[in-house]
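Undergrad: run07.csv is the file, holding CSV, C-alpha atoms and all ligand atoms:
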```csv
chain,number,residue,atom,x,y,z
A,220,MET,CA,-23.0,-85.0,-193.1
A,221,LEU,CA,-26.3,-86.6,-194.0
A,222,ASP,CA,-27.4,-83.1,-195.0
A,223,LEU,CA,-24.3,-82.7,-197.3
A,224,ILE,CA,-25.0,-86.0,-199.0
A,225,ALA,CA,-28.6,-85.1,-199.5
A,226,LYS,CA,-27.5,-81.7,-201.0
A,227,VAL,CA,-25.1,-83.4,-203.4
A,228,PHE,CA,-27.8,-85.6,-204.6
A,229,GLY,CA,-30.1,-82.6,-204.9
A,230,ARG,CA,-32.4,-83.7,-202.0
A,231,GLU,CA,-33.0,-82.0,-198.7
A,232,SER,CA,-33.3,-84.1,-195.6
A,233,PRO,CA,-36.9,-85.2,-195.1
A,234,SER,CA,-38.9,-82.3,-193.5
A,235,ALA,CA,-40.7,-84.7,-191.1
A,236,GLU,CA,-37.4,-85.5,-189.4
A,237,ILE,CA,-36.8,-81.8,-188.9
A,238,ALA,CA,-40.3,-81.3,-187.6
A,239,LYS,CA,-40.0,-84.2,-185.2
A,240,GLU,CA,-36.7,-82.9,-183.7
A,241,ARG,CA,-38.0,-79.3,-183.4
A,242,LEU,CA,-41.2,-80.5,-181.8
A,243,ARG,CA,-39.4,-82.6,-179.3
A,244,LEU,CA,-37.3,-79.7,-178.2
A,245,VAL,CA,-40.1,-77.2,-178.0
A,246,LEU,CA,-42.2,-79.6,-176.0
A,247,VAL,CA,-39.5,-80.1,-173.4
A,248,HIS,CA,-39.5,-76.4,-173.0
A,249,ASP,CA,-43.3,-76.0,-173.0
A,250,ARG,CA,-43.9,-78.7,-170.5
A,251,SER,CA,-41.3,-77.4,-168.1
A,252,SER,CA,-42.4,-73.7,-168.2
A,253,VAL,CA,-44.3,-73.5,-165.0
A,254,THR,CA,-46.0,-70.6,-163.3
A,255,PRO,CA,-44.7,-69.1,-160.0
A,256,GLN,CA,-47.9,-70.3,-158.3
A,257,PHE,CA,-47.2,-73.9,-159.4
A,258,LEU,CA,-43.7,-73.7,-157.9
A,259,GLU,CA,-45.1,-72.2,-154.7
A,260,ARG,CA,-47.5,-75.1,-154.4
A,261,LEU,CA,-44.8,-77.6,-155.0
A,262,LYS,CA,-42.6,-75.9,-152.4
A,263,GLU,CA,-45.4,-76.1,-149.8
A,264,ASP,CA,-45.9,-79.7,-150.5
A,265,LEU,CA,-42.2,-80.4,-150.3
A,266,ILE,CA,-42.0,-78.6,-146.9
A,267,ARG,CA,-44.9,-80.7,-145.6
A,268,VAL,CA,-43.4,-84.0,-146.6
A,269,ILE,CA,-39.8,-83.3,-145.7
A,270,SER,CA,-40.7,-81.8,-142.3
A,271,GLU,CA,-41.9,-85.3,-141.2
A,272,TYR,CA,-38.3,-86.4,-141.4
A,273,MET,CA,-36.2,-83.3,-140.6
A,274,ASP,CA,-36.3,-79.8,-139.4
A,275,ILE,CA,-35.6,-77.6,-142.4
A,276,ASP,CA,-35.0,-73.9,-142.9
A,277,THR,CA,-38.0,-72.9,-145.0
A,278,GLU,CA,-36.8,-69.2,-145.1
A,279,THR,CA,-33.7,-69.9,-147.1
A,280,MET,CA,-34.7,-72.9,-149.0
A,281,ASP,CA,-34.7,-72.6,-152.8
A,282,VAL,CA,-36.7,-74.6,-155.3
A,283,ARG,CA,-36.5,-73.9,-159.0
A,284,LEU,CA,-36.7,-75.4,-162.4
A,285,SER,CA,-33.5,-75.4,-164.4
A,286,GLN,CA,-33.7,-75.7,-168.1
A,287,THR,CA,-31.3,-76.3,-170.9
A,288,GLU,CA,-32.0,-77.0,-174.6
A,289,GLN,CA,-32.5,-80.7,-173.9
A,290,HIS,CA,-33.4,-81.2,-170.3
A,291,ALA,CA,-35.3,-79.8,-167.4
A,292,ALA,CA,-34.3,-80.5,-163.8
A,293,LEU,CA,-35.9,-79.6,-160.5
A,294,VAL,CA,-33.2,-78.1,-158.4
A,295,ALA,CA,-33.8,-77.8,-154.7
A,296,SER,CA,-31.5,-76.5,-152.0
A,297,ILE,CA,-33.0,-77.1,-148.6
A,298,PRO,CA,-30.9,-76.3,-145.5
A,299,VAL,CA,-31.4,-79.0,-142.8
A,300,ARG,CA,-31.3,-77.9,-139.1
A,301,ARG,CA,-31.9,-81.3,-137.5
A,302,VAL,CA,-32.7,-84.8,-138.6
A,303,LYS,CA,-35.6,-86.3,-136.6
A,304,ARG,CA,-35.5,-89.7,-135.1
A,305,VAL,CA,-38.1,-91.6,-137.0
A,306,ALA,CA,-39.1,-95.1,-136.0
A,307,PRO,CA,-37.5,-97.4,-138.6
B,4,MET,CA,-76.4,-93.4,-167.1
B,5,GLY,CA,-74.5,-92.1,-170.1
B,6,GLN,CA,-71.0,-90.6,-170.5
B,7,VAL,CA,-69.9,-87.1,-171.4
B,8,ILE,CA,-67.0,-86.8,-173.9
B,9,VAL,CA,-65.5,-83.5,-174.9
B,10,ILE,CA,-63.9,-83.1,-178.3
B,11,THR,CA,-61.1,-80.6,-178.1
B,12,SER,CA,-57.7,-79.6,-179.6
B,13,GLY,CA,-56.2,-76.3,-178.6
B,14,LYS,CA,-55.7,-75.3,-182.2
B,15,GLY,CA,-58.6,-74.3,-184.5
B,16,GLY,CA,-59.6,-75.8,-187.8
B,17,VAL,CA,-58.2,-79.3,-187.1
B,18,GLY,CA,-61.5,-81.1,-187.3
B,19,LYS,CA,-63.2,-81.0,-183.9
B,20,THR,CA,-66.6,-80.1,-185.3
B,21,THR,CA,-66.3,-82.6,-188.1
B,22,THR,CA,-65.3,-85.3,-185.6
B,23,THR,CA,-68.2,-84.5,-183.3
B,24,ALA,CA,-70.8,-84.7,-186.1
B,25,ASN,CA,-69.4,-88.0,-187.4
B,26,LEU,CA,-69.0,-89.8,-184.1
B,27,GLY,CA,-72.4,-88.6,-183.1
B,28,ALA,CA,-74.0,-90.0,-186.3
B,29,GLY,CA,-71.8,-93.1,-186.0
B,30,LEU,CA,-72.9,-93.8,-182.4
B,31,ALA,CA,-76.6,-93.1,-183.3
B,32,SER,CA,-76.3,-95.6,-186.2
B,33,HIS,CA,-75.6,-98.3,-183.7
B,34,GLY,CA,-78.8,-97.4,-181.8
B,35,HIS,CA,-77.3,-95.3,-179.0
B,36,ARG,CA,-79.1,-92.3,-177.8
B,37,VAL,CA,-76.8,-89.4,-178.5
B,38,CYS,CA,-76.8,-85.7,-177.7
B,39,LEU,CA,-74.3,-83.3,-179.4
B,40,VAL,CA,-73.6,-80.1,-177.6
B,41,ASP,CA,-72.1,-77.2,-179.6
B,42,ALA,CA,-70.1,-75.3,-177.0
B,43,ASP,CA,-68.5,-73.0,-179.6
B,44,ILE,CA,-70.6,-70.1,-178.5
B,45,GLY,CA,-70.6,-67.2,-181.1
B,46,LEU,CA,-69.2,-69.5,-183.8
B,47,ARG,CA,-72.0,-72.0,-184.3
B,48,ASN,CA,-71.1,-74.7,-186.9
B,49,LEU,CA,-72.3,-78.1,-185.8
B,50,ASP,CA,-75.8,-77.3,-187.0
B,51,LEU,CA,-74.5,-76.8,-190.5
B,52,LEU,CA,-72.6,-80.1,-190.6
B,53,LEU,CA,-75.9,-81.9,-189.6
B,54,GLY,CA,-78.0,-79.8,-192.0
B,55,LEU,CA,-80.1,-78.4,-189.1
B,56,GLU,CA,-79.3,-74.7,-189.4
B,57,ASN,CA,-82.9,-73.7,-190.2
B,58,ARG,CA,-84.5,-75.4,-187.2
B,59,ILE,CA,-82.9,-73.6,-184.3
B,60,VAL,CA,-85.1,-71.8,-181.9
B,61,TYR,CA,-83.5,-72.0,-178.4
B,62,ASP,CA,-79.8,-72.6,-177.7
B,63,LEU,CA,-77.2,-73.6,-175.2
B,64,VAL,CA,-77.1,-70.1,-173.5
B,65,ASP,CA,-80.9,-70.2,-173.0
B,66,VAL,CA,-80.7,-73.7,-171.4
B,67,ALA,CA,-77.6,-73.1,-169.3
B,68,ASN,CA,-79.2,-69.9,-167.9
B,69,GLY,CA,-82.5,-71.7,-167.2
B,70,TYR,CA,-84.5,-69.7,-169.7
B,71,CYS,CA,-85.9,-72.9,-171.1
B,72,LYS,CA,-85.7,-76.7,-170.5
B,73,TYR,CA,-83.1,-78.5,-172.5
B,74,LYS,CA,-85.7,-80.7,-174.1
B,75,LYS,CA,-87.2,-77.6,-175.7
B,76,ALA,CA,-83.9,-76.6,-177.3
B,77,LEU,CA,-82.9,-80.0,-178.6
B,78,ILE,CA,-83.2,-80.5,-182.4
B,79,LYS,CA,-83.7,-84.0,-183.7
B,80,SER,CA,-81.3,-85.0,-186.6
B,81,LYS,CA,-82.5,-85.7,-190.1
B,82,GLN,CA,-81.0,-89.1,-190.2
B,83,PHE,CA,-81.7,-90.6,-186.8
B,84,ASP,CA,-84.5,-90.4,-184.2
B,85,ASN,CA,-82.0,-91.0,-181.5
B,86,LEU,CA,-79.5,-88.2,-182.4
B,87,PHE,CA,-80.0,-84.7,-181.1
B,88,LEU,CA,-78.2,-81.3,-181.2
B,89,LEU,CA,-78.1,-78.7,-178.6
B,90,PRO,CA,-77.0,-75.7,-180.7
B,91,ALA,CA,-74.6,-72.9,-179.6
B,92,ALA,CA,-75.8,-69.4,-179.3
B,93,GLN,CA,-74.7,-67.3,-182.3
B,94,THR,CA,-75.1,-63.8,-181.0
B,95,LYS,CA,-73.5,-64.1,-177.5
B,96,ASP,CA,-70.0,-64.9,-176.5
B,97,LYS,CA,-68.2,-67.4,-174.3
B,98,THR,CA,-68.9,-65.6,-171.1
B,99,ALA,CA,-72.6,-66.1,-171.5
B,100,VAL,CA,-72.2,-69.6,-169.9
B,101,ARG,CA,-70.2,-70.6,-166.8
B,102,PRO,CA,-68.4,-73.9,-166.2
B,103,ASP,CA,-70.6,-74.8,-163.2
B,104,GLN,CA,-73.7,-74.3,-165.5
B,105,MET,CA,-72.2,-76.6,-168.1
B,106,ARG,CA,-71.5,-79.2,-165.4
B,107,ASP,CA,-75.1,-79.2,-164.2
B,108,LEU,CA,-76.3,-79.4,-167.8
B,109,CYS,CA,-74.1,-82.4,-168.6
B,110,GLU,CA,-75.2,-84.1,-165.4
B,111,GLU,CA,-78.8,-83.7,-166.6
B,112,LEU,CA,-78.2,-84.8,-170.2
B,113,LYS,CA,-76.3,-87.9,-168.9
B,114,GLN,CA,-79.6,-89.2,-167.3
B,115,GLU,CA,-81.3,-89.2,-170.7
B,116,PHE,CA,-78.5,-90.1,-173.2
B,117,ASP,CA,-76.0,-92.8,-173.7
B,118,TYR,CA,-73.4,-90.4,-175.1
B,119,VAL,CA,-73.1,-86.7,-174.7
B,120,LEU,CA,-70.5,-85.3,-177.1
B,121,VAL,CA,-69.4,-81.7,-176.5
B,122,ASP,CA,-67.8,-79.8,-179.4
B,123,SER,CA,-65.2,-77.5,-177.9
B,124,PRO,CA,-64.1,-74.2,-179.3
B,125,ALA,CA,-60.4,-73.6,-180.1
B,126,GLY,CA,-58.2,-72.1,-177.4
B,127,ILE,CA,-57.6,-72.8,-173.7
B,128,GLU,CA,-59.6,-69.9,-172.3
B,129,GLN,CA,-63.2,-69.8,-170.9
B,130,GLY,CA,-64.8,-71.5,-173.9
B,131,PHE,CA,-62.5,-74.5,-173.5
B,132,GLN,CA,-63.1,-74.4,-169.7
B,133,ASN,CA,-66.8,-74.5,-170.3
B,134,ALA,CA,-66.6,-77.3,-172.8
B,135,VAL,CA,-64.5,-79.6,-170.6
B,136,ALA,CA,-66.3,-78.8,-167.3
B,137,GLY,CA,-68.9,-81.5,-167.5
B,138,ALA,CA,-66.9,-84.2,-169.3
B,139,GLU,CA,-65.3,-87.2,-167.8
B,140,LYS,CA,-63.5,-88.2,-171.0
B,141,ALA,CA,-61.7,-86.2,-173.7
B,142,ILE,CA,-60.9,-86.8,-177.3
B,143,ILE,CA,-58.1,-84.7,-178.6
B,144,VAL,CA,-58.1,-84.0,-182.3
B,145,THR,CA,-54.9,-83.0,-184.1
B,146,THR,CA,-53.5,-82.8,-187.6
B,147,PRO,CA,-50.0,-84.0,-188.4
B,148,GLU,CA,-48.6,-80.5,-188.1
B,149,MET,CA,-46.2,-79.0,-185.6
B,150,ALA,CA,-48.5,-76.2,-184.4
B,151,ALA,CA,-51.5,-78.5,-183.9
B,152,LEU,CA,-49.4,-81.1,-182.1
B,153,ARG,CA,-47.8,-78.5,-179.8
B,154,ASP,CA,-51.3,-77.2,-178.9
B,155,ALA,CA,-52.6,-80.7,-178.4
B,156,ASP,CA,-49.7,-81.3,-175.9
B,157,ARG,CA,-50.7,-78.2,-174.0
B,158,VAL,CA,-54.3,-79.4,-173.8
B,159,VAL,CA,-53.2,-82.8,-172.6
B,160,GLY,CA,-51.3,-81.0,-169.8
B,161,LEU,CA,-54.4,-79.0,-168.8
B,162,LEU,CA,-56.7,-82.0,-168.8
B,163,GLU,CA,-54.2,-83.9,-166.7
B,164,ALA,CA,-54.2,-81.1,-164.1
B,165,MET,CA,-58.0,-81.4,-164.0
B,166,ASP,CA,-57.9,-85.1,-163.1
B,167,LYS,CA,-59.9,-86.2,-166.2
B,168,GLU,CA,-59.4,-89.7,-167.6
B,169,ARG,CA,-56.5,-90.1,-169.9
B,170,PRO,CA,-57.4,-88.3,-173.1
B,171,MET,CA,-57.5,-90.2,-176.4
B,172,LEU,CA,-56.0,-88.9,-179.7
B,173,ILE,CA,-57.5,-88.7,-183.1
B,174,ILE,CA,-55.1,-87.8,-185.9
B,175,ASN,CA,-57.0,-86.1,-188.7
B,176,ARG,CA,-56.1,-85.2,-192.3
B,177,TYR,CA,-53.4,-87.8,-192.4
B,178,ARG,CA,-51.7,-88.1,-195.8
B,179,PRO,CA,-49.9,-91.4,-196.3
B,180,GLY,CA,-48.3,-90.3,-199.5
B,181,MET,CA,-46.6,-87.4,-197.8
B,182,VAL,CA,-45.5,-89.7,-194.9
B,183,ARG,CA,-43.9,-92.0,-197.4
B,184,LYS,CA,-42.0,-89.1,-198.9
B,185,GLY,CA,-40.8,-88.2,-195.4
B,186,ASP,CA,-42.6,-84.9,-195.4
B,187,MET,CA,-45.3,-85.6,-192.8
B,188,LEU,CA,-44.9,-87.0,-189.3
B,189,ALA,CA,-45.8,-90.7,-189.1
B,190,ILE,CA,-48.4,-92.0,-186.7
B,191,ASP,CA,-45.8,-93.6,-184.3
B,192,ASP,CA,-43.7,-90.4,-184.2
B,193,MET,CA,-46.7,-88.4,-183.1
B,194,LEU,CA,-47.7,-90.9,-180.5
B,195,GLU,CA,-44.2,-91.0,-179.2
B,196,ILE,CA,-44.0,-87.2,-178.9
B,197,LEU,CA,-47.4,-86.7,-177.3
B,198,ALA,CA,-47.3,-90.0,-175.2
B,199,ILE,CA,-51.1,-90.5,-175.3
B,200,ASP,CA,-53.3,-93.3,-176.5
B,201,LEU,CA,-54.5,-93.4,-180.1
B,202,LEU,CA,-58.2,-93.6,-180.8
B,203,GLY,CA,-57.9,-93.4,-184.6
B,204,VAL,CA,-56.5,-91.9,-187.7
B,205,VAL,CA,-58.7,-90.1,-190.3
B,206,PRO,CA,-57.2,-89.6,-193.7
B,207,GLU,CA,-57.4,-86.4,-195.7
B,208,ASP,CA,-60.5,-86.9,-197.8
B,209,GLU,CA,-62.3,-84.5,-200.2
B,210,GLN,CA,-65.5,-86.3,-199.4
B,211,ILE,CA,-65.5,-84.4,-196.1
B,212,VAL,CA,-66.1,-81.2,-198.0
B,213,VAL,CA,-68.9,-82.9,-200.1
B,214,THR,CA,-70.7,-84.4,-197.1
B,215,THR,CA,-70.4,-81.1,-195.2
B,216,ASN,CA,-72.0,-79.3,-198.2
B,217,ARG,CA,-74.9,-81.7,-198.0
B,218,GLY,CA,-75.2,-81.6,-194.2
B,219,GLU,CA,-74.8,-85.4,-194.0
B,220,PRO,CA,-71.8,-86.7,-192.0
B,221,ALA,CA,-69.2,-88.7,-193.9
B,222,VAL,CA,-69.6,-91.6,-191.5
B,223,LEU,CA,-72.9,-92.5,-193.3
B,224,ASP,CA,-71.2,-92.4,-196.7
B,225,LYS,CA,-70.0,-95.9,-197.6
B,226,HIS,CA,-67.6,-94.7,-200.2
B,227,SER,CA,-65.8,-92.1,-198.0
B,228,ARG,CA,-62.4,-93.0,-196.6
B,229,ALA,CA,-62.8,-90.6,-193.8
B,230,GLY,CA,-66.2,-92.1,-193.2
B,231,GLU,CA,-64.6,-95.5,-192.9
B,232,ALA,CA,-62.2,-94.2,-190.3
B,233,TYR,CA,-65.0,-92.6,-188.4
B,234,ARG,CA,-67.0,-95.9,-188.5
B,235,ASN,CA,-64.0,-97.6,-186.9
B,236,ILE,CA,-63.5,-94.9,-184.3
B,237,THR,CA,-67.2,-95.2,-183.4
B,238,ARG,CA,-66.8,-98.9,-182.6
B,239,ARG,CA,-63.6,-98.3,-180.6
B,240,LEU,CA,-65.5,-95.8,-178.5
B,241,MET,CA,-68.1,-98.5,-177.9
B,242,GLY,CA,-65.3,-100.6,-176.5
B,243,GLU,CA,-64.6,-102.9,-179.5
B,244,GLN,CA,-61.1,-103.7,-180.7
B,245,VAL,CA,-60.9,-102.6,-184.3
B,246,PRO,CA,-57.6,-102.5,-186.2
B,247,LEU,CA,-56.5,-99.4,-188.0
B,248,MET,CA,-57.7,-99.3,-191.5
B,249,ASN,CA,-55.3,-99.7,-194.4
B,250,LEU,CA,-54.2,-96.0,-194.8
B,251,ASP,CA,-51.7,-96.7,-197.5
B,252,ASP,CA,-54.5,-97.3,-199.9
B,253,ASP,CA,-54.9,-93.6,-200.6
B,254,ASP,CA,-55.4,-91.4,-203.7
B,255,GLY,CA,-54.5,-94.0,-206.3
B,256,ILE,CA,-57.0,-94.2,-209.2
B,257,LEU,CA,-57.2,-98.0,-209.0
B,258,SER,CA,-58.1,-98.0,-205.3
B,259,ARG,CA,-60.7,-95.4,-206.1
B,260,ILE,CA,-62.3,-97.5,-208.8
B,261,LYS,CA,-62.3,-100.5,-206.5
B,262,ARG,CA,-64.0,-98.5,-203.8
B,263,VAL,CA,-66.7,-97.3,-206.1
B,264,PHE,CA,-67.5,-100.9,-207.0
B,265,GLY,CA,-67.5,-101.9,-203.4
B,266,PHE,CA,-64.4,-104.0,-203.0
B,267,GLY,CA,-60.9,-103.2,-202.0
B,268,ALA,CA,-59.4,-102.3,-198.7
B,269,ARG,CA,-62.6,-102.3,-196.7
A,401,LIG,N1,-60.3,-85.5,-192.9
A,401,LIG,C1,-60.5,-84.4,-193.6
A,401,LIG,N2,-60.2,-84.3,-194.9
A,401,LIG,C2,-60.4,-83.1,-195.5
A,401,LIG,N3,-60.9,-82.0,-195.0
A,401,LIG,C3,-61.2,-82.0,-193.6
A,401,LIG,C4,-61.0,-83.2,-192.9
A,401,LIG,N4,-61.3,-82.9,-191.6
A,401,LIG,C5,-61.7,-81.6,-191.5
A,401,LIG,N5,-61.6,-81.1,-192.8
A,401,LIG,C6,-62.0,-79.7,-193.1
A,401,LIG,O1,-61.2,-78.8,-192.3
A,401,LIG,C7,-62.0,-77.7,-191.9
A,401,LIG,C8,-62.0,-77.5,-190.4
A,401,LIG,O2,-62.7,-78.5,-189.8
A,401,LIG,P1,-63.6,-78.3,-188.5
A,401,LIG,O3,-64.2,-79.6,-188.2
A,401,LIG,O4,-64.5,-77.2,-188.7
A,401,LIG,O5,-62.5,-77.9,-187.5
A,401,LIG,P2,-62.6,-77.3,-186.0
A,401,LIG,O6,-63.9,-77.6,-185.5
A,401,LIG,O7,-61.5,-78.0,-185.2
A,401,LIG,O8,-62.3,-75.8,-186.1
A,401,LIG,C9,-63.4,-77.9,-192.5
A,401,LIG,O9,-63.4,-77.1,-193.7
A,401,LIG,C10,-63.4,-79.3,-192.8
A,401,LIG,O10,-64.2,-79.6,-193.9
A,402,MG,MG,-65.4,-76.2,-184.7
```
As structure tokens, how would this structure be written, given the file I've shared?
TA:
Amino acid sequence: MLDLIAKVFGRESPSAEIAKERLRLVLVHDRSSVTPQFLERLKEDLIRVISEYMDIDTETMDVRLSQTEQHAALVASIPVRRVKRVAP
Amino acid sequence: MGQVIVITSGKGGVGKTTTTANLGAGLASHGHRVCLVDADIGLRNLDLLLGLENRIVYDLVDVANGYCKYKKALIKSKQFDNLFLLPAAQTKDKTAVRPDQMRDLCEELKQEFDYVLVDSPAGIEQGFQNAVAGAEKAIIVTTPEMAALRDADRVVGLLEAMDKERPMLIINRYRPGMVRKGDMLAIDDMLEILAIDLLGVVPEDEQIVVTTNRGEPAVLDKHSRAGEAYRNITRRLMGEQVPLMNLDDDDGILSRIKRVFGFGAR
């Protein structure tokens, strides 16, 4: 709509706004594109921490980064065998 | 014991070398002992900006590889007795020096100098790794363009992963007129996008070309707008609180006349 008004008045929308929005999106993507080694290290750390609280199935666990245009989310599916009794 | 600061950017041609020369001269003008290290091996430039290109005998590669003592390779600047340049080698490439050698060299230079500024090459490959190896702090230079900002963000990420101190940002070649028209990203937009601390903003300034031609950094030129910005940044580096200069006072003829006569937005 804003675009249309701008066109009618013979002005395009300010290019800085376009640049800002495009940059925002591309950086979400850049920042979340991680290497397999990075994920592997993250996975090992997760296993170490979680194992203090529960027995998990490290064979079938799945950790990955899910990305859409706007967001990135860390998705982990970690089968639990047994919850440990930790002192409160 | 001094500090080692790397000036880096990711993208080329955004003003790293200009910034290194100006902050070096700025710090030296306050009496600090300063050593500038040109880590852009194969693309030597810092010597030109300081007007020292005819005095080079030994270089960074000679020193890092132990062929000569660093003191033998240092060149004293024309303007200050306390400002020195360790030039890059021109005929070798980035692989002629290793990060661990750079770390050792910076350790040594820190004993002697208050500030060691390392001018980094563009990119994120070995040349960059060499330049950042011995530095505890980083200054990231960008221009208000998408590609430069994107590369800057990449470098911030890499530095974070190396456990350096939070990097500081210099926005170079800023053009308030274009920002007013909505055709250049404003300072706050850039800071919001990159989420890092601002060290300073340097306006686009033709005087940079003139001072570079003469081999005398703009920071020493009272009439240069970019020079004023670099004088402010110098003081911020020294820990002073200095407000941003009035950037809106740009290319207008009136403000130019005022500047020539020594009053106006100073
Ligand atoms: N604030 C400025 N105003 C005008 N020209 C500038 C400014 N800063 C840098 N330049 C010019 O931009 C070019 C690249 O600068 P340089 O410092 O060599 O960049 P880098 O070291 O990042 O490759 C040079 O020609 C320099 O004179
Ligand atoms: Mg350079």
Undergrad: Need to verify the contact set: segment 241-246 of chain A, 8 Å, all atoms listed in the file, exclusion of same-chain residues closer than 2 positions in sequence. Can you return it as a PDB file with C-alpha atoms, in the frame of the given file?
TA:
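Wrote it out as around.pdb, contents follow:
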```pdb
ATOM      1  CA  ILE A 237     -36.800 -81.800-188.900  1.00  0.00           C
ATOM      2  CA  ALA A 238     -40.300 -81.300-187.600  1.00  0.00           C
ATOM      3  CA  LYS A 239     -40.000 -84.200-185.200  1.00  0.00           C
ATOM      4  CA  HIS A 248     -39.500 -76.400-173.000  1.00  0.00           C
ATOM      5  CA  ASP A 249     -43.300 -76.000-173.000  1.00  0.00           C
ATOM      6  CA  ARG A 250     -43.900 -78.700-170.500  1.00  0.00           C
ATOM      7  CA  GLU A 288     -32.000 -77.000-174.600  1.00  0.00           C
ATOM      8  CA  GLN A 289     -32.500 -80.700-173.900  1.00  0.00           C
TER       9      GLN A 289
ATOM     10  CA  MET B 149     -46.200 -79.000-185.600  1.00  0.00           C
ATOM     11  CA  ARG B 153     -47.800 -78.500-179.800  1.00  0.00           C
ATOM     12  CA  ASP B 156     -49.700 -81.300-175.900  1.00  0.00           C
ATOM     13  CA  ILE B 196     -44.000 -87.200-178.900  1.00  0.00           C
TER      14      ILE B 196
END
```
Undergrad: If we count all atoms listed in the file, which residues of chain A reach to within 6 Å of chain B? Please list them as a compact mmCIF listing (two decimals) with C-alpha atoms, keeping the file's coordinate frame.
TA:
```txt
# COMPACT_ATOMS: atom_id res chain seq x y z
CA PRO A 233 -36.90 -85.20 -195.10
CA SER A 234 -38.90 -82.30 -193.50
CA ALA A 235 -40.70 -84.70 -191.10
```
Undergrad: Any residue with an atom at most 6 Å from ligand LIG 401 (chain A) counts, using all atoms listed in the file. Which are they? Put them as a VMD selection string.
TA: chain B and resid 15 to 21 175 to 176 205 to 209 211 to 212 229
Undergrad: Write out as a PyMOL selection string which residues come within 8 Å of segment 92-107 of chain B when counting all atoms listed in the file, dropping same-chain ones fewer than 2 positions away.
TA: chain B and resi 43-47+62-64+67-68+90+109-111+129-130+132-134+136-138
Undergrad: Smallest atom-to-atom distance to Met273 of chain A: which of A:Val247, A:Ile297, A:Leu258, A:Val253, using all atoms listed in the file?
TA: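 Under the stated criterion, the closest residue is A:Ile297.
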Undergrad: Would you please work out which residue, of B:Gly27, B:Gly126, B:Gly5, B:Arg36, is nearest to ligand MG 402 (chain A) when using only C-alpha atoms and all ligand atoms?
TA: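 The closest residue to ligand MG 402 (chain A) is B:Gly126.
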Undergrad: Could you jot down the atom CA of Asp122 of chain B to atom CA of Asn235 of chain B separation for me, Å, one decimal place?
TA: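 If I compute the distance from atom CA of Asp122 of chain B to atom CA of Asn235 of chain B, I get 19.7 Å.
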Undergrad: Under the rule that only C-alpha atoms and all ligand atoms are counted, which of B:Leu172, B:Leu120, B:Ala31, B:Leu49 is the nearest residue to ligand MG 402 (chain A)?
TA: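 Closest to ligand MG 402 (chain A), using only C-alpha atoms and all ligand atoms: B:Leu49.
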Undergrad: Compare B:Ala155, B:Leu52, B:Ile173, B:Leu194 by their minimum atom-to-atom distance to Ile236 of chain B, counting only C-alpha atoms, and give me the closest one.
TA: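 Of the candidates, the smallest distance to Ile236 of chain B is held by B:Ile173.
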Undergrad: Separation of atom CA of Lys167 of chain B and atom CA of Gly69 of chain B, in Å?
TA: 26.9 Å
